[in-house]
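Content type mmCIF, C-alpha atoms, from the file input01.cif:
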```
data_target
#
loop_
_atom_site.label_atom_id
_atom_site.label_comp_id
_atom_site.auth_asym_id
_atom_site.auth_seq_id
_atom_site.Cartn_x
_atom_site.Cartn_y
_atom_site.Cartn_z
CA LYS E 1 13.80 -16.96 40.08
CA TRP E 2 12.45 -15.14 43.12
CA GLU E 3 11.16 -18.42 44.53
CA GLU E 4 14.60 -19.96 44.01
CA LEU E 5 16.05 -17.03 45.95
CA TYR E 6 13.54 -16.74 48.79
CA GLY E 7 11.91 -20.18 48.82
CA ALA E 8 8.45 -21.46 47.86
CA ASN E 9 5.51 -23.11 49.54
CA PRO E 10 3.77 -25.99 47.70
CA SER E 11 0.39 -24.75 48.96
CA GLU E 12 0.88 -21.46 47.09
CA ARG E 13 -0.55 -22.48 43.73
CA SER E 14 -2.27 -19.34 42.43
CA LEU E 15 -0.29 -16.38 41.09
CA SER E 16 -1.56 -14.16 43.89
CA LEU E 17 -0.53 -16.60 46.66
CA ARG E 18 2.89 -17.09 45.06
CA LEU E 19 3.42 -13.30 44.88
CA ALA E 20 2.32 -12.90 48.49
CA GLY E 21 4.69 -15.67 49.60
CA ILE E 22 7.66 -14.13 47.80
CA ILE E 23 7.02 -10.67 49.28
CA GLU E 24 6.59 -12.01 52.81
CA ARG E 25 9.69 -14.25 52.74
CA ALA E 26 11.85 -11.53 51.11
CA TYR E 27 10.90 -9.18 53.94
CA GLN E 28 11.47 -11.80 56.65
CA GLN E 29 14.84 -12.98 55.29
CA THR E 30 16.35 -9.56 54.56
CA GLY E 31 14.69 -7.42 57.21
CA GLN E 32 13.95 -4.86 54.47
CA ARG E 33 10.58 -4.02 53.07
CA VAL E 34 10.01 -4.76 49.39
CA VAL E 35 9.81 -2.34 46.44
CA ILE E 36 7.34 -3.39 43.72
CA LEU E 37 7.43 -1.98 40.19
CA VAL E 38 4.78 -2.96 37.63
CA ASP E 39 4.87 -1.69 34.05
CA GLU E 40 1.94 -1.98 31.64
CA TYR E 41 -0.38 -3.42 34.27
CA ASP E 42 -3.28 -2.97 31.80
CA LYS E 43 -1.81 -4.87 28.82
CA PRO E 44 -4.11 -7.94 29.23
CA MET E 45 -7.18 -5.71 29.56
CA LEU E 46 -6.30 -3.72 26.44
CA GLN E 47 -5.75 -6.89 24.44
CA ALA E 48 -9.22 -8.11 25.45
CA ILE E 49 -11.18 -4.98 24.51
CA GLY E 50 -14.37 -6.09 22.80
CA ASN E 51 -14.22 -9.57 24.38
CA GLU E 52 -16.20 -9.28 27.62
CA ALA E 53 -15.70 -12.90 28.68
CA LEU E 54 -11.92 -12.67 28.32
CA GLN E 55 -11.87 -9.29 30.07
CA ARG E 56 -13.79 -10.78 32.99
CA GLU E 57 -11.36 -13.71 33.15
CA PHE E 58 -8.34 -11.40 33.17
CA ARG E 59 -9.96 -9.14 35.76
CA ASN E 60 -10.70 -12.08 38.06
CA MET E 61 -7.06 -13.16 37.79
CA LEU E 62 -5.53 -9.70 38.26
CA LYS E 63 -7.80 -8.53 41.09
CA PRO E 64 -6.43 -10.93 43.78
CA PHE E 65 -2.92 -10.58 42.32
CA TYR E 66 -2.89 -6.82 42.97
CA GLY E 67 -4.93 -7.32 46.14
CA VAL E 68 -1.68 -8.63 47.69
CA LEU E 69 -0.48 -5.01 47.81
CA LYS E 70 -3.12 -4.34 50.46
CA THR E 71 -2.89 -7.53 52.50
CA LEU E 72 0.92 -7.24 52.82
CA ASP E 73 1.10 -3.47 53.23
CA GLY E 74 3.49 -3.87 56.20
CA CYS E 75 6.02 -5.76 54.05
CA ILE E 76 6.03 -3.20 51.22
CA LYS E 77 8.18 -0.06 51.24
CA PHE E 78 7.02 1.41 47.94
CA ALA E 79 5.05 0.40 44.85
CA LEU E 80 4.75 2.11 41.47
CA LEU E 81 2.33 0.83 38.84
CA THR E 82 2.19 2.33 35.36
CA GLY E 83 -0.08 1.67 32.42
CA VAL E 84 -1.80 3.34 29.53
CA THR E 85 -5.35 3.28 30.81
CA LYS E 86 -7.26 3.39 34.06
CA PHE E 87 -9.14 0.14 34.16
CA GLY E 88 -7.99 0.26 37.69
CA LYS E 89 -9.85 1.53 40.68
CA ILE E 90 -13.24 0.02 39.97
CA SER E 91 -12.18 -3.32 38.56
CA VAL E 92 -8.60 -4.54 38.83
CA PHE E 93 -7.72 -2.50 41.92
CA SER E 94 -11.13 -2.53 43.59
CA ASP E 95 -9.69 -4.25 46.68
CA LEU E 96 -7.13 -1.47 47.17
CA ASN E 97 -7.68 1.78 48.99
CA ASN E 98 -4.04 2.65 49.62
CA LEU E 99 -3.10 3.69 46.08
CA ASP E 100 -2.36 7.33 45.27
CA ASP E 101 -3.20 8.13 41.63
CA ILE E 102 -0.56 10.70 40.60
CA SER E 103 -1.50 10.82 36.89
CA MET E 104 -2.90 14.37 37.05
CA ARG E 105 -0.75 15.79 39.87
CA ASN E 106 1.34 18.84 38.94
CA THR E 107 4.20 17.70 41.18
CA TYR E 108 4.82 14.71 38.94
CA VAL E 109 4.34 16.13 35.43
CA GLU E 110 8.04 15.67 34.55
CA ILE E 111 8.26 12.06 35.75
CA CYS E 112 7.48 10.44 32.37
CA GLY E 113 8.91 12.82 29.80
CA VAL E 114 11.41 15.56 28.99
CA SER E 115 10.81 19.24 29.63
CA GLU E 116 12.16 22.07 27.51
CA ARG E 117 14.39 23.10 30.41
CA GLU E 118 15.92 19.61 30.52
CA ILE E 119 16.63 19.67 26.79
CA HIS E 120 18.56 22.94 27.01
CA GLU E 121 20.36 21.94 30.21
CA ASN E 122 21.56 18.59 28.85
CA LEU E 123 21.55 18.68 25.04
CA GLU E 124 22.60 22.19 24.07
CA ALA E 125 25.65 21.11 22.05
CA GLU E 126 23.60 18.38 20.36
CA LEU E 127 20.92 20.92 19.42
CA HIS E 128 23.49 22.93 17.45
CA GLU E 129 24.82 19.75 15.76
CA PHE E 130 21.26 18.71 14.91
CA ALA E 131 20.48 22.14 13.43
CA GLU E 132 23.63 22.02 11.30
CA ALA E 133 22.80 18.52 10.03
CA GLN E 134 19.29 19.69 9.04
CA GLU E 135 20.61 22.94 7.55
CA LEU E 136 18.33 24.89 9.89
CA THR E 137 19.00 27.74 12.25
CA TYR E 138 19.18 26.82 15.93
CA GLU E 139 15.87 28.64 16.56
CA ALA E 140 14.15 26.90 13.61
CA LEU E 141 15.23 23.46 14.82
CA CYS E 142 13.98 24.14 18.36
CA SER E 143 10.65 25.23 16.87
CA ARG E 144 10.40 22.05 14.75
CA LEU E 145 11.16 19.83 17.76
CA LYS E 146 8.51 21.62 19.79
CA GLU E 147 5.90 21.34 17.02
CA ASN E 148 6.51 17.62 16.56
CA TYR E 149 7.25 16.24 20.03
CA ASP E 150 6.15 18.72 22.74
CA GLY E 151 2.66 19.45 24.01
CA TYR E 152 1.80 16.72 26.52
CA HIS E 153 -0.10 18.14 29.50
CA PHE E 154 -1.16 15.75 32.23
CA THR E 155 -2.94 18.38 34.29
CA HIS E 156 -4.05 22.00 33.85
CA ASN E 157 -1.60 24.91 33.97
CA SER E 158 1.39 22.56 33.64
CA ILE E 159 4.48 22.87 31.48
CA GLY E 160 4.55 21.00 28.18
CA ILE E 161 6.34 17.67 28.12
CA TYR E 162 8.24 16.21 25.15
CA ASN E 163 7.86 12.57 24.15
CA PRO E 164 11.26 11.12 25.25
CA PHE E 165 11.21 8.20 22.81
CA SER E 166 10.68 10.43 19.76
CA LEU E 167 12.96 13.21 20.99
CA LEU E 168 15.94 10.92 21.66
CA ASN E 169 15.48 9.09 18.35
CA ALA E 170 15.40 12.46 16.57
CA PHE E 171 18.73 13.37 18.19
CA LYS E 172 20.14 9.91 17.47
CA TYR E 173 19.37 10.04 13.74
CA LYS E 174 19.33 13.85 13.38
CA GLU E 175 16.03 13.48 11.55
CA ILE E 176 12.53 14.66 12.51
CA SER E 177 10.18 11.75 11.92
CA ASN E 178 7.18 9.96 13.47
CA TYR E 179 9.16 7.65 15.74
CA TRP E 180 6.67 7.02 18.55
CA PHE E 181 3.62 6.42 16.39
CA GLU E 182 5.48 3.78 14.41
CA THR E 183 6.14 1.71 17.57
CA GLY E 184 2.53 0.59 17.87
CA THR E 185 -0.77 0.82 16.09
CA PRO E 186 -3.84 1.99 18.05
CA THR E 187 -6.24 -0.48 16.43
CA TYR E 188 -8.18 -0.88 19.68
CA LEU E 189 -8.83 2.89 19.73
CA VAL E 190 -10.22 2.88 16.19
CA GLU E 191 -12.43 -0.07 17.14
CA LEU E 192 -13.77 2.01 20.04
CA LEU E 193 -14.45 4.98 17.76
CA LYS E 194 -16.27 2.82 15.23
CA ARG E 195 -18.26 0.91 17.84
CA ASN E 196 -19.40 4.17 19.44
CA HIS E 197 -20.17 5.77 16.03
CA TYR E 198 -18.00 8.64 17.17
CA ASP E 199 -17.94 12.00 15.38
CA LEU E 200 -14.21 12.51 14.70
CA GLU E 201 -14.71 16.27 14.47
CA ARG E 202 -15.43 16.33 18.21
CA MET E 203 -12.17 14.59 19.03
CA ALA E 204 -10.07 17.57 17.94
CA HIS E 205 -11.63 19.97 20.47
CA VAL E 206 -13.60 17.91 22.98
CA GLN E 207 -14.45 19.32 26.42
CA THR E 208 -14.81 17.09 29.46
CA ASP E 209 -14.22 16.98 33.21
CA ALA E 210 -11.74 15.18 35.47
CA ASP E 211 -14.20 12.39 36.30
CA VAL E 212 -14.42 11.43 32.63
CA LEU E 213 -10.65 11.67 32.09
CA ASN E 214 -10.08 9.40 35.09
CA SER E 215 -12.83 6.93 34.26
CA ILE E 216 -12.20 3.34 33.26
CA TYR E 217 -12.93 1.98 29.81
CA GLY E 218 -16.60 1.74 28.95
CA ASP E 219 -18.84 1.55 25.91
CA GLU E 220 -20.30 5.00 26.52
CA ASP E 221 -17.36 7.21 25.56
CA PRO E 222 -14.00 6.37 23.93
CA ILE E 223 -12.44 9.71 24.96
CA PRO E 224 -11.00 8.59 28.35
CA VAL E 225 -9.06 5.74 26.71
CA ILE E 226 -7.85 7.97 23.86
CA PHE E 227 -6.71 10.59 26.39
CA GLN E 228 -5.06 8.04 28.67
CA SER E 229 -3.30 6.48 25.66
CA GLY E 230 -1.61 9.78 24.82
CA TYR E 231 -3.38 10.54 21.52
CA LEU E 232 -5.18 13.48 23.12
CA THR E 233 -3.89 15.78 25.84
CA ILE E 234 -5.07 18.74 27.91
CA LYS E 235 -5.00 21.96 25.86
CA GLY E 236 -6.99 24.26 28.16
CA TYR E 237 -8.91 24.41 31.43
CA ASP E 238 -12.02 26.30 32.56
CA LYS E 239 -11.50 26.67 36.30
CA GLU E 240 -15.02 27.94 36.97
CA PHE E 241 -16.72 24.85 35.57
CA GLY E 242 -13.85 22.37 36.02
CA LEU E 243 -13.82 21.55 32.29
CA TYR E 244 -10.78 20.39 30.35
CA ARG E 245 -10.38 21.09 26.63
CA LEU E 246 -8.57 18.28 24.83
CA GLY E 247 -6.69 18.16 21.55
CA PHE E 248 -3.81 16.44 19.78
CA PRO E 249 -0.54 17.12 21.64
CA ASN E 250 1.68 17.67 18.60
CA ARG E 251 2.09 17.09 14.88
CA GLU E 252 3.63 13.62 15.25
CA VAL E 253 0.56 12.30 17.06
CA GLU E 254 -2.01 14.18 14.98
CA GLU E 255 -0.52 13.23 11.61
CA GLY E 256 0.15 9.64 12.65
CA PHE E 257 -3.32 9.11 14.09
CA ILE E 258 -5.20 10.69 11.16
CA LYS E 259 -3.18 8.70 8.62
CA PHE E 260 -3.86 5.55 10.60
CA LEU E 261 -7.63 6.19 10.34
CA VAL E 262 -7.64 6.25 6.53
CA PRO E 263 -7.96 2.48 5.82
CA PHE E 264 -10.74 2.19 8.43
CA TYR E 265 -12.90 4.91 6.87
CA THR E 266 -12.03 4.76 3.14
CA ARG E 267 -11.26 2.17 0.49
CA LEU E 268 -7.57 3.16 0.50
CA SER E 269 -4.89 1.01 2.07
CA LYS E 270 -2.11 2.33 4.29
CA VAL E 271 0.28 2.04 1.33
CA GLU E 272 -1.98 3.87 -1.15
CA ALA E 273 -3.00 6.75 1.12
CA PRO E 274 0.22 8.85 1.03
CA PHE E 275 0.25 8.83 -2.78
CA GLU E 276 -3.41 9.90 -2.93
CA ILE E 277 -2.79 12.73 -0.47
CA GLN E 278 0.20 13.87 -2.55
CA LYS E 279 -2.06 14.01 -5.63
CA PHE E 280 -4.75 15.93 -3.70
CA VAL E 281 -2.22 18.55 -2.64
CA LYS E 282 -0.72 18.87 -6.14
CA GLU E 283 -4.20 19.39 -7.63
CA LEU E 284 -4.99 22.09 -5.05
CA ARG E 285 -1.69 23.84 -5.71
CA ALA E 286 -2.40 23.73 -9.46
CA GLY E 287 -6.01 24.95 -9.21
CA ASP E 288 -7.32 21.70 -10.74
CA VAL E 289 -10.70 21.55 -8.97
CA ASP E 290 -12.30 18.85 -11.15
CA SER E 291 -9.44 16.39 -10.62
CA PHE E 292 -9.54 17.12 -6.89
CA PHE E 293 -13.25 16.27 -6.61
CA SER E 294 -12.99 13.24 -8.87
CA ARG E 295 -10.35 11.94 -6.48
CA LEU E 296 -12.48 12.87 -3.47
CA ARG E 297 -15.27 10.75 -4.92
CA SER E 298 -12.96 7.74 -4.74
CA PHE E 299 -12.54 8.28 -1.00
CA PHE E 300 -16.24 7.62 -0.52
CA ALA E 301 -16.48 4.67 -2.91
CA ASP E 302 -16.44 1.05 -1.76
CA THR E 303 -15.97 1.74 1.93
CA PRO E 304 -14.59 -1.29 3.80
CA TYR E 305 -17.57 -1.83 6.11
CA GLU E 306 -21.33 -1.45 5.83
CA LEU E 307 -22.78 1.95 6.71
CA VAL E 308 -26.53 2.32 6.56
CA SER E 309 -27.91 4.16 9.57
CA ASP E 310 -24.67 6.14 10.05
CA LEU E 311 -24.08 7.27 6.48
CA GLU E 312 -24.22 10.98 7.32
CA LEU E 313 -21.73 10.55 10.15
CA HIS E 314 -19.44 8.53 7.91
CA TYR E 315 -19.59 11.26 5.28
CA GLN E 316 -18.66 13.86 7.94
CA ASN E 317 -15.85 11.67 9.29
CA VAL E 318 -14.28 11.13 5.86
CA LEU E 319 -14.39 14.89 5.22
CA PHE E 320 -12.74 15.45 8.61
CA ILE E 321 -9.94 13.01 7.72
CA ILE E 322 -9.46 14.62 4.31
CA TYR E 323 -9.23 18.17 5.61
CA LYS E 324 -6.89 17.10 8.42
CA LEU E 325 -4.59 15.28 6.00
CA LEU E 326 -4.56 18.24 3.61
CA GLY E 327 -3.93 20.59 6.54
CA PHE E 328 -0.44 19.15 7.00
CA TYR E 329 0.50 20.53 3.57
CA VAL E 330 -1.84 23.46 2.92
CA ASN E 331 -3.66 25.93 5.16
CA ALA E 332 -6.95 24.19 6.03
CA GLU E 333 -9.82 25.36 8.20
CA ARG E 334 -13.16 23.70 8.81
CA HIS E 335 -16.34 24.79 10.60
CA THR E 336 -19.53 22.83 10.99
CA SER E 337 -21.76 25.13 13.05
CA ASP E 338 -24.90 26.49 11.39
CA GLY E 339 -24.29 29.64 9.42
CA ARG E 340 -20.57 29.02 9.15
CA ILE E 341 -18.51 27.88 6.21
CA ASP E 342 -17.76 24.18 5.82
CA LEU E 343 -14.21 24.18 4.52
CA VAL E 344 -11.53 26.65 3.43
CA LEU E 345 -8.29 25.49 1.80
CA GLN E 346 -5.52 27.97 0.98
CA THR E 347 -2.35 27.55 -1.07
CA ASP E 348 0.17 30.17 -2.17
CA ARG E 349 -1.88 30.83 -5.36
CA PHE E 350 -5.47 29.78 -4.62
CA ILE E 351 -8.23 29.98 -2.00
CA TYR E 352 -11.03 27.40 -2.02
CA VAL E 353 -14.28 28.13 -0.16
CA MET E 354 -16.44 24.98 -0.03
CA GLU E 355 -19.94 24.25 1.25
CA PHE E 356 -21.22 20.65 1.46
CA LYS E 357 -24.85 19.50 1.44
CA LEU E 358 -26.31 16.06 2.13
CA ASP E 359 -29.30 15.20 -0.07
CA GLY E 360 -29.66 18.80 -1.16
CA THR E 361 -28.19 20.25 -4.33
CA ALA E 362 -24.84 21.72 -5.32
CA GLU E 363 -26.77 24.83 -6.36
CA GLU E 364 -28.17 25.20 -2.81
CA ALA E 365 -24.65 24.90 -1.41
CA MET E 366 -23.40 27.61 -3.77
CA ALA E 367 -26.36 29.84 -2.90
CA GLN E 368 -25.48 29.51 0.77
CA ILE E 369 -21.88 30.58 0.11
CA ASN E 370 -23.13 33.71 -1.66
CA GLU E 371 -26.03 34.52 0.69
CA LYS E 372 -23.96 34.11 3.83
CA GLY E 373 -20.99 35.98 2.33
CA TYR E 374 -18.55 33.18 3.09
CA ALA E 375 -16.08 34.41 0.47
CA GLN E 376 -16.08 38.06 1.56
CA PRO E 377 -13.07 37.80 3.93
CA PHE E 378 -10.94 36.74 0.96
CA GLU E 379 -12.18 39.11 -1.77
CA LYS E 380 -9.26 41.55 -1.36
CA ASP E 381 -6.73 38.75 -1.36
CA SER E 382 -4.48 38.68 -4.44
CA ARG E 383 -4.89 34.90 -4.84
CA GLN E 384 -7.54 33.43 -7.14
CA LEU E 385 -10.72 32.50 -5.27
CA PHE E 386 -12.83 29.41 -5.98
CA LYS E 387 -16.34 29.10 -4.54
CA ILE E 388 -17.46 25.47 -4.66
CA GLY E 389 -20.89 24.00 -3.87
CA VAL E 390 -21.00 20.23 -3.30
CA ASN E 391 -23.87 17.78 -2.81
CA PHE E 392 -23.51 14.35 -1.25
CA SER E 393 -26.21 11.85 -2.19
CA ASN E 394 -27.63 9.33 0.28
CA LYS E 395 -28.82 7.21 -2.62
CA THR E 396 -25.48 6.89 -4.40
CA ARG E 397 -23.53 7.12 -1.12
CA ASN E 398 -21.12 9.49 -2.82
CA ILE E 399 -20.58 13.02 -4.13
CA GLU E 400 -23.39 13.57 -6.61
CA LYS E 401 -22.39 16.96 -8.06
CA TRP E 402 -20.15 19.97 -7.55
CA ILE E 403 -20.27 23.41 -9.15
CA VAL E 404 -17.55 26.02 -9.20
CA GLU E 405 -17.49 29.81 -9.44
CA LYS E 406 -14.13 31.42 -10.09
CA GLN E 407 -13.44 34.87 -8.79
CA SER E 408 -10.32 36.71 -9.87
#
```
Take the structure in the file and give it back as structure tokens.
Amino acid sequence: KWEELYGANPSERSLSLRLAGIIERAYQQTGQRVVILVDEYDKPMLQAIGNEALQREFRNMLKPFYGVLKTLDGCIKFALLTGVTKFGKISVFSDLNNLDDISMRNTYVEICGVSEREIHENLEAELHEFAEAQELTYEALCSRLKENYDGYHFTHNSIGIYNPFSLLNAFKYKEISNYWFETGTPTYLVELLKRNHYDLERMAHVQTDADVLNSIYGDEDPIPVIFQSGYLTIKGYDKEFGLYRLGFPNREVEEGFIKFLVPFYTRLSKVEAPFEIQKFVKELRAGDVDSFFSRLRSFFADTPYELVSDLELHYQNVLFIIYKLLGFYVNAERHTSDGRIDLVLQTDRFIYVMEFKLDGTAEEAMAQINEKGYAQPFEKDSRQLFKIGVNFSNKTRNIEKWIVEKQS
């Protein structure tokens, strides 16, 4: 259509030459410099993750295409390119030195989202209608919206940004749901995690620096792509060392991402998982420890891909997924450092203090709970306390035994 409007040259056969011709003729014919907007510049590269030959082919096609932005700088007034990831500067945009990366600039933090100020300035009446529809107080609704959709930080010391897609759908339907996560599935991210044998526990509180956050996709570390894709965001900043602490931005992303992981790390399908989690939670709320651990055994059985050298990591990753899923419905806390408790789950009636061993014994796990005094902080609590020692067997690739001590 642009060539119909501004003309074409038969010698311009490649995409890059055709783009250059259009830009140049548009400028010459109108006397006005051109504005160029590119959305999802990285879509071909994302689709080719794991296929190096195809990535190289795409890169070789895109590099001269975007190189036009440099060669015709005098014909261009303004250009804005957006994408999920930064394959950019080293590969696709390696010919360009006139781009200004504004991804982590405080001045632009509100450019791609909605701030709390904007919500109250523009949607105050709708907030009250929404609260009434949900039978919540105005304050409670604002808190729910913040918990589910706020929390994006694109640089340190910046205001939180709400996901506009989810926020506006919530107002449209007057329902709080996982709107954004349902628009796409991050299969390529899970492939990265699996290929890198990544410890999921680290993902929830990883620390890194700006160079890593701004790096292009590589086999060494999946974190930059996960951060750039919006599944992790900046939660804190150590100015002295220039280190960023990352975490899930909000409940919508955390819950959606963890639930998405289930079929990749357990035998359960996406359809089965919610029902299993419901049963887990009901068993915890009822104090039915044996049923809970029998069900937990099934999470480790018949895993969908072979794990030999990484069995211990897989075991840790499944436990991480379980405790995260349970944490959306009960109070869950997990520590993995030496000398600290493995898992605490709390309901309105019960407290569960659990210690897990790999190729040890359930008795050793229980002894550690007692020797280290893991249950002491809860001994004055009115709820019933369960101390549970669990052993995971390398041989059977599953939970071998658990023992329970009840404390009234």
(request) Find the spatial neighbours of segment 181-187 of chain E, counting all atoms listed in the file, within a cut-off of 12 Å - ignore same-chain residues fewer than 6 positions away - and output them as a VMD selection string. (result) chain E and resid 46 to 47 49 to 50 84 148 to 149 163 165 to 166 169 193 to 194 225 to 226 229 to 231 250 to 261 263 to 264 270
(message) Please enumerate the residues selected by the PyMOL selection byres ((chain E and resi 383-396) around 9) when evaluated against the supplied file, formatted as a PyMOL selection string.
(response) chain E and resi 287+289+311-312+315+347-370+374-375+378-382+397-408
Restricted to C-alpha atoms, what would the selected residues look like written as a JSON list (two decimals), in the frame of the given file?
```json
[["chain", "number", "residue", "atom", "x", "y", "z"],
["E", 287, "GLY", "CA", -6.01, 24.95, -9.21],
["E", 289, "VAL", "CA", -10.70, 21.55, -8.97],
["E", 311, "LEU", "CA", -24.08, 7.27, 6.48],
["E", 312, "GLU", "CA", -24.22, 10.98, 7.32],
["E", 315, "TYR", "CA", -19.59, 11.26, 5.28],
["E", 347, "THR", "CA", -2.35, 27.55, -1.07],
["E", 348, "ASP", "CA", 0.17, 30.17, -2.17],
["E", 349, "ARG", "CA", -1.88, 30.83, -5.36],
["E", 350, "PHE", "CA", -5.47, 29.78, -4.62],
["E", 351, "ILE", "CA", -8.23, 29.98, -2.00],
["E", 352, "TYR", "CA", -11.03, 27.40, -2.02],
["E", 353, "VAL", "CA", -14.28, 28.13, -0.16],
["E", 354, "MET", "CA", -16.44, 24.98, -0.03],
["E", 355, "GLU", "CA", -19.94, 24.25, 1.25],
["E", 356, "PHE", "CA", -21.22, 20.65, 1.46],
["E", 357, "LYS", "CA", -24.85, 19.50, 1.44],
["E", 358, "LEU", "CA", -26.31, 16.06, 2.13],
["E", 359, "ASP", "CA", -29.30, 15.20, -0.07],
["E", 360, "GLY", "CA", -29.66, 18.80, -1.16],
["E", 361, "THR", "CA", -28.19, 20.25, -4.33],
["E", 362, "ALA", "CA", -24.84, 21.72, -5.32],
["E", 363, "GLU", "CA", -26.77, 24.83, -6.36],
["E", 364, "GLU", "CA", -28.17, 25.20, -2.81],
["E", 365, "ALA", "CA", -24.65, 24.90, -1.41],
["E", 366, "MET", "CA", -23.40, 27.61, -3.77],
["E", 367, "ALA", "CA", -26.36, 29.84, -2.90],
["E", 368, "GLN", "CA", -25.48, 29.51, 0.77],
["E", 369, "ILE", "CA", -21.88, 30.58, 0.11],
["E", 370, "ASN", "CA", -23.13, 33.71, -1.66],
["E", 374, "TYR", "CA", -18.55, 33.18, 3.09],
["E", 375, "ALA", "CA", -16.08, 34.41, 0.47],
["E", 378, "PHE", "CA", -10.94, 36.74, 0.96],
["E", 379, "GLU", "CA", -12.18, 39.11, -1.77],
["E", 380, "LYS", "CA", -9.26, 41.55, -1.36],
["E", 381, "ASP", "CA", -6.73, 38.75, -1.36],
["E", 382, "SER", "CA", -4.48, 38.68, -4.44],
["E", 397, "ARG", "CA", -23.53, 7.12, -1.12],
["E", 398, "ASN", "CA", -21.12, 9.49, -2.82],
["E", 399, "ILE", "CA", -20.58, 13.02, -4.13],
["E", 400, "GLU", "CA", -23.39, 13.57, -6.61],
["E", 401, "LYS", "CA", -22.39, 16.96, -8.06],
["E", 402, "TRP", "CA", -20.15, 19.97, -7.55],
["E", 403, "ILE", "CA", -20.27, 23.41, -9.15],
["E", 404, "VAL", "CA", -17.55, 26.02, -9.20],
["E", 405, "GLU", "CA", -17.49, 29.81, -9.44],
["E", 406, "LYS", "CA", -14.13, 31.42, -10.09],
["E", 407, "GLN", "CA", -13.44, 34.87, -8.79],
["E", 408, "SER", "CA", -10.32, 36.71, -9.87]]
```
(request) Enumerate, as a PyMOL selection string, the residues matched when the PyMOL selection byres ((chain E and resi 68) around 10) is run on the file above. (result) chain E and resi 16-21+23+63-67+69-73+95-96
(request) Name the residues that the PyMOL selection byres ((chain E and resi 238) around 12) pulls out of this structure, and write them as a VMD selection string. (result) chain E and resid 156 to 157 207 to 210 234 to 237 239 to 246
(message) Using only C-alpha atoms, can you tell me which of E:Ile223, E:Leu145, E:Leu213, E:Leu200 comes closest to Leu313 of chain E?
(response) E:Leu200
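Between atom CA of Ile102 of chain E and atom CA of Leu81 of chain E there is a distance of 10.4 Å.
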(message) I need the residue nearest Gln228 of chain E from this list: E:Phe78, E:Phe154, E:Tyr329, E:Tyr6. Use all atoms listed in the file for the distance.
(response)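 Closest to Gln228 of chain E, using all atoms listed in the file: E:Phe154.
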